[in-house]
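Heads up: the structure comes next, in structure tokens.
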Amino acid sequence: MNAVAERFNRVAPADPPTVLHLRVKAIRPAAADIRLFELSSADGAPLPPWSAGAHLRLQLGEGLERCYSLCNTPQQRDCYVIAVKREAASRGGSAFLHHQVEEGDLLTAAAPVNAFPLVVDERPPLLLAAGIGITPLHAMVADMAARGVRHRLHYFARGLAHAAFFHELAACSQGMSLHLGLDGAETGRAIAAALAGVPCSSPLYVCGPAPFIEAARDHARQAGWREDDIHFEWFAAPTGASHAVIHASDQDHHVFELVLQRSGVSCTVSPGQSIVAAAAGAGVVIGTSCGEGFCGSCESTVLEGLPLHRDSVLSAAERASGRTLMPCVSRCAGTRLVLDL
């Protein structure tokens, strides 16, 4: 939450999310400015199963919702564990969790969704993580270690004090290289060296800040990696030129008809309104996760109409085909849009 050109690995459109009531069982430090939150079922009921790479969407009050990667292992069924970095420029989520949530508190969440799944085959994967991007990859490494799957991990951090899960990874990873305090050029060279150390047929998993992901993808392409073998996950909608969305068009501000074919519902999408919101108003819930067009979990099939894409998931070729869109952010360039929902 697995990848092809200019996109993540994506999951099928989701059913309406299951609501979970979770108790904060424990809070503990993981690294500088990073805390671990251990969440258990408030009523003792079994937690829904999940797979490495999945994330949990938490409701944090006053309409604030944020997604956090699960970083324990799927084999641990009595709790979910997330790692949250306190961001100086927090949009509200990390500040809320670091300063307002205490042990024993209750939180509401949707069941885990995986838009970044680990696909295990006979090829040992290479994993590249930077900063807090280690969270989903820690779950992958722990899962592979538990199952005896060969792998290689390169972990980039500002310093040892910032390297969350370092000791756990050192104990369970079959091969971990730690890169500390590198600048951009040094990071690029280290990424290139890591790629050169494995066959270009190796599955590649990347997570971290947008510049790190872009550097890893660029080096992998140059080294001969197929796009299908490059798996990655953003923590936020990227803003770089290569992922620019369509802006400033009169098409963003017109009314269009939305038809949800399988549901037998037709409604109007107003200027400034999302397809998801219009559908909800007509009684149809479209399962979403990020709500910002960067996770791909709400991808929907277009049966009729011309999509106006505003996501950072689809490739240029996929956008041009007009076969799918992300209803959380995309609109219609015409007057009528029919979706297979």
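Quick note on naming: the chains in the structure tokens go A, B, ... in the order shown, residues restart at 1 in each chain, and ligands are numbered from 1 in order of appearance.
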
Residues near region 21-24 of chain A, cut-off 7 Å, only C-alpha atoms, skip fewer than 5 positions along chain, as a short mmCIF file (atom, residue, chain, number, x, y, z; two decimals) with N, CA and C atoms, in the first residue's frame:
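Below is the file selection-v3.cif, written as the result:
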data_model
loop_
_atom_site.label_atom_id
_atom_site.label_comp_id
_atom_site.auth_asym_id
_atom_site.auth_seq_id
_atom_site.Cartn_x
_atom_site.Cartn_y
_atom_site.Cartn_z
N PHE A 37 3.33 3.52 19.75
CA PHE A 37 2.02 3.42 20.38
C PHE A 37 1.52 2.00 20.17
N GLU A 38 1.32 1.29 21.26
CA GLU A 38 0.80 -0.08 21.20
C GLU A 38 -0.70 -0.03 21.47
N LEU A 39 -1.46 -0.51 20.49
CA LEU A 39 -2.91 -0.40 20.53
C LEU A 39 -3.55 -1.78 20.59
N SER A 40 -4.44 -1.98 21.54
CA SER A 40 -5.13 -3.26 21.67
C SER A 40 -6.64 -3.02 21.56
N SER A 41 -7.37 -4.09 21.35
CA SER A 41 -8.82 -3.99 21.23
C SER A 41 -9.41 -3.54 22.56
N ALA A 42 -10.29 -2.54 22.51
CA ALA A 42 -10.86 -1.99 23.74
C ALA A 42 -11.75 -3.00 24.46
N GLU A 103 -1.47 6.74 27.78
CA GLU A 103 -1.79 5.33 27.99
C GLU A 103 -3.17 5.21 28.64
N GLY A 104 -3.95 4.26 28.12
CA GLY A 104 -5.30 4.06 28.60
C GLY A 104 -6.36 4.77 27.80
N ASP A 105 -5.96 5.73 26.97
CA ASP A 105 -6.93 6.45 26.14
C ASP A 105 -7.54 5.53 25.09
N LEU A 106 -8.71 5.90 24.59
CA LEU A 106 -9.38 5.17 23.53
C LEU A 106 -9.26 5.93 22.22
N LEU A 107 -8.97 5.21 21.14
CA LEU A 107 -8.89 5.78 19.81
C LEU A 107 -9.77 4.96 18.87
N THR A 108 -10.28 5.60 17.85
CA THR A 108 -11.09 4.94 16.84
C THR A 108 -10.28 4.85 15.55
N ALA A 109 -10.41 3.72 14.87
CA ALA A 109 -9.65 3.51 13.64
C ALA A 109 -10.46 2.66 12.68
#

* To do: Per DSSP on the backbone, filter region 73-269 of chain A down to the residues in strand (DSSP E) and report them as number ranges by chain.
  => A: 80-85, 106-110, 126-130, 152-157, 176-180, 204-207, 230-233, 256-260, 265-269

* To do: Write down as an MDAnalysis selection string the residues belonging to region 133-244 of chain A that are assigned helix (DSSP H, G or I) by DSSP computed on the backbone.
  => chainID A and resid 133:147 160:162 166:172 184:196 210:222 227:229 241:243

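With only C-alpha atoms as the atoms that count, the residue of A:Ile82, A:Val113, A:Ile191, A:Thr335 with the shortest distance to Val255 (chain A) is A:Thr335.
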
* Between A:Cys200, A:Val84, A:Ala220, A:Cys295, which one has atoms that come closest to His99 (chain A), using only C-alpha atoms? -> A:Val84

* **Residues near region 27-35 of chain A, cut-off 8 Å, only C-alpha atoms, skip fewer than 3 positions along chain, as a PyMOL selection string** => chain A and resi 24+38+83-87+98+102-103+161-165

* **Nearest to Cys172 (chain A) by atom-to-atom distance, counting only C-alpha atoms, from A:Pro199, A:Arg189, A:Ile230, A:Met144** =>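 So, comparing all the options, the nearest one is A:Met144.
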
* Asked: Which polymer residues have any atom within 10 Å of an atom of Cys71 (chain A), counting only C-alpha atoms, with same-chain residues fewer than 4 positions away left out, as a ChimeraX atom specification?
  -> /A:36,52-55,80-83,134-142,165

* Might you pull out every residue within 8 Å of region 277-284 of chain A, with only C-alpha atoms counted and same-chain residues fewer than 5 positions away left off, and present them as a ChimeraX atom specification? => /A:263,265-270

Take the residues that were just selected and, keeping N, CA and C atoms, output them as a compact mmCIF listing (two decimals), in the first residue's frame.
# COMPACT_ATOMS: atom_id res chain seq x y z
N SER A 263 -24.37 0.34 -8.09
CA SER A 263 -25.26 0.75 -7.00
C SER A 263 -26.59 1.28 -7.50
N VAL A 265 -27.15 4.30 -8.63
CA VAL A 265 -27.31 5.63 -8.05
C VAL A 265 -26.78 6.68 -9.01
N SER A 266 -27.51 7.79 -9.12
CA SER A 266 -27.07 8.94 -9.89
C SER A 266 -27.19 10.18 -9.02
N CYS A 267 -26.16 11.04 -9.07
CA CYS A 267 -26.19 12.25 -8.26
C CYS A 267 -25.39 13.34 -8.96
N THR A 268 -25.38 14.50 -8.39
CA THR A 268 -24.64 15.64 -8.94
C THR A 268 -23.43 15.93 -8.08
N VAL A 269 -22.28 16.16 -8.73
CA VAL A 269 -21.06 16.56 -8.02
C VAL A 269 -20.89 18.06 -8.21
N SER A 270 -20.91 18.79 -7.12
CA SER A 270 -20.86 20.25 -7.17
C SER A 270 -19.42 20.75 -7.27

* Residues near Leu153 (chain A), cut-off 12 Å, only C-alpha atoms, skip fewer than 2 positions along chain, as a PyMOL selection string -> chain A and resi 124-130+134+137-138+140-142+144-145+150-151+155-156+166+169-170+172-179+191+194-195+197-198+203-207

Those residues with N, CA, C and O atoms, as a compact mmCIF listing (two decimals), in the first residue's frame please?
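For reference, selection_17.txt as written:
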# COMPACT_ATOMS: atom_id res chain seq x y z
N PRO A 124 15.21 -12.97 -3.33
CA PRO A 124 15.40 -12.20 -2.10
C PRO A 124 15.24 -10.71 -2.37
O PRO A 124 15.88 -10.17 -3.27
N PRO A 125 14.39 -10.02 -1.64
CA PRO A 125 14.17 -8.60 -1.91
C PRO A 125 15.25 -7.71 -1.31
O PRO A 125 15.95 -8.08 -0.35
N LEU A 126 15.37 -6.51 -1.87
CA LEU A 126 16.22 -5.46 -1.34
C LEU A 126 15.30 -4.37 -0.81
O LEU A 126 14.38 -3.92 -1.50
N LEU A 127 15.56 -3.91 0.42
CA LEU A 127 14.73 -2.89 1.05
C LEU A 127 15.57 -1.66 1.35
O LEU A 127 16.67 -1.78 1.93
N LEU A 128 15.08 -0.49 0.98
CA LEU A 128 15.75 0.78 1.24
C LEU A 128 14.81 1.66 2.06
O LEU A 128 13.71 1.96 1.62
N ALA A 129 15.26 2.06 3.24
CA ALA A 129 14.44 2.89 4.13
C ALA A 129 15.21 4.12 4.55
O ALA A 129 16.42 4.06 4.78
N ALA A 130 14.50 5.23 4.66
CA ALA A 130 15.10 6.47 5.16
C ALA A 130 14.21 7.07 6.23
O ALA A 130 12.99 7.21 6.03
N ILE A 134 11.24 3.73 7.79
CA ILE A 134 11.56 2.38 8.25
C ILE A 134 10.33 1.65 8.78
O ILE A 134 10.32 0.42 8.86
N LEU A 137 8.83 -1.04 6.51
CA LEU A 137 9.88 -1.99 6.17
C LEU A 137 10.33 -2.79 7.39
O LEU A 137 10.76 -3.94 7.25
N HIS A 138 10.21 -2.21 8.59
CA HIS A 138 10.49 -3.00 9.78
C HIS A 138 9.52 -4.16 9.90
O HIS A 138 9.91 -5.29 10.22
N MET A 140 8.03 -5.61 7.41
CA MET A 140 8.40 -6.57 6.36
C MET A 140 9.59 -7.42 6.78
O MET A 140 9.59 -8.65 6.62
N VAL A 141 10.63 -6.76 7.32
CA VAL A 141 11.83 -7.49 7.74
C VAL A 141 11.50 -8.46 8.86
O VAL A 141 11.93 -9.63 8.83
N ALA A 142 10.72 -8.02 9.85
CA ALA A 142 10.36 -8.90 10.95
C ALA A 142 9.54 -10.08 10.47
O ALA A 142 9.72 -11.23 10.92
N MET A 144 9.60 -11.38 7.35
CA MET A 144 10.47 -12.28 6.59
C MET A 144 11.40 -13.06 7.50
O MET A 144 11.66 -14.25 7.27
N ALA A 145 11.90 -12.41 8.55
CA ALA A 145 12.76 -13.12 9.49
C ALA A 145 12.01 -14.25 10.17
O ALA A 145 12.55 -15.35 10.36
N ARG A 150 15.01 -14.85 2.88
CA ARG A 150 16.23 -14.06 2.70
C ARG A 150 15.90 -12.66 2.20
O ARG A 150 14.97 -12.46 1.43
N HIS A 151 16.68 -11.67 2.64
CA HIS A 151 16.45 -10.29 2.24
C HIS A 151 17.70 -9.47 2.56
O HIS A 151 18.61 -9.94 3.24
N TYR A 155 19.43 1.00 5.60
CA TYR A 155 18.68 1.92 6.45
C TYR A 155 19.46 3.23 6.54
O TYR A 155 20.61 3.25 6.99
N PHE A 156 18.83 4.34 6.13
CA PHE A 156 19.45 5.65 6.13
C PHE A 156 18.82 6.50 7.23
O PHE A 156 17.59 6.62 7.31
N PHE A 166 16.64 0.07 15.44
CA PHE A 166 17.99 -0.38 15.05
C PHE A 166 18.34 -1.70 15.70
O PHE A 166 18.81 -2.63 15.02
N LEU A 169 16.22 -4.62 14.38
CA LEU A 169 16.62 -4.96 13.02
C LEU A 169 17.96 -5.68 13.00
O LEU A 169 18.16 -6.62 12.24
N ALA A 170 18.88 -5.21 13.80
CA ALA A 170 20.19 -5.85 13.86
C ALA A 170 20.08 -7.30 14.31
O ALA A 170 20.85 -8.16 13.88
N CYS A 172 17.29 -9.29 13.90
CA CYS A 172 16.47 -10.20 13.08
C CYS A 172 16.80 -10.14 11.59
O CYS A 172 16.51 -11.09 10.86
N SER A 173 17.37 -9.05 11.09
CA SER A 173 17.63 -8.95 9.66
C SER A 173 18.78 -9.85 9.25
O SER A 173 19.78 -9.98 9.97
N GLN A 174 18.65 -10.47 8.10
CA GLN A 174 19.71 -11.34 7.60
C GLN A 174 20.87 -10.54 7.03
O GLN A 174 21.94 -11.09 6.79
N GLY A 175 20.66 -9.26 6.78
CA GLY A 175 21.73 -8.43 6.27
C GLY A 175 21.31 -6.98 6.28
O GLY A 175 20.53 -6.55 5.43
N MET A 176 21.80 -6.19 7.27
CA MET A 176 21.42 -4.79 7.35
C MET A 176 22.65 -3.92 7.26
O MET A 176 23.67 -4.17 7.92
N SER A 177 22.58 -2.87 6.43
CA SER A 177 23.62 -1.86 6.36
C SER A 177 23.02 -0.55 6.83
O SER A 177 21.94 -0.14 6.37
N LEU A 178 23.68 0.12 7.77
CA LEU A 178 23.20 1.37 8.34
C LEU A 178 24.03 2.52 7.78
O LEU A 178 25.26 2.50 7.82
N HIS A 179 23.35 3.53 7.24
CA HIS A 179 24.00 4.70 6.65
C HIS A 179 23.58 5.91 7.46
O HIS A 179 22.39 6.27 7.49
N ILE A 191 22.87 4.56 -2.37
CA ILE A 191 21.77 3.85 -3.01
C ILE A 191 22.26 3.10 -4.23
O ILE A 191 21.94 1.91 -4.44
N ALA A 194 24.16 0.07 -3.17
CA ALA A 194 23.27 -0.98 -2.66
C ALA A 194 22.62 -1.74 -3.81
O ALA A 194 22.52 -2.98 -3.79
N LEU A 195 22.19 -1.01 -4.83
CA LEU A 195 21.57 -1.65 -5.99
C LEU A 195 22.57 -2.49 -6.76
O LEU A 195 22.24 -3.56 -7.29
N GLY A 197 24.84 -4.21 -5.60
CA GLY A 197 25.21 -5.41 -4.86
C GLY A 197 24.23 -6.55 -5.00
O GLY A 197 24.46 -7.63 -4.44
N VAL A 198 23.12 -6.34 -5.73
CA VAL A 198 22.13 -7.40 -5.91
C VAL A 198 21.72 -7.45 -7.37
O VAL A 198 21.89 -6.47 -8.11
N PRO A 203 13.25 -7.91 -6.19
CA PRO A 203 12.18 -6.97 -5.81
C PRO A 203 12.76 -5.87 -4.93
O PRO A 203 13.55 -6.14 -4.02
N LEU A 204 12.38 -4.64 -5.20
CA LEU A 204 12.90 -3.49 -4.48
C LEU A 204 11.76 -2.80 -3.74
O LEU A 204 10.73 -2.48 -4.34
N TYR A 205 11.93 -2.57 -2.43
CA TYR A 205 10.94 -1.90 -1.60
C TYR A 205 11.58 -0.64 -1.02
O TYR A 205 12.65 -0.71 -0.40
N VAL A 206 10.92 0.49 -1.21
CA VAL A 206 11.49 1.79 -0.82
C VAL A 206 10.45 2.59 -0.05
O VAL A 206 9.29 2.68 -0.45
N CYS A 207 10.87 3.21 1.06
CA CYS A 207 9.99 4.09 1.79
C CYS A 207 10.83 5.15 2.51
O CYS A 207 11.90 4.85 3.05
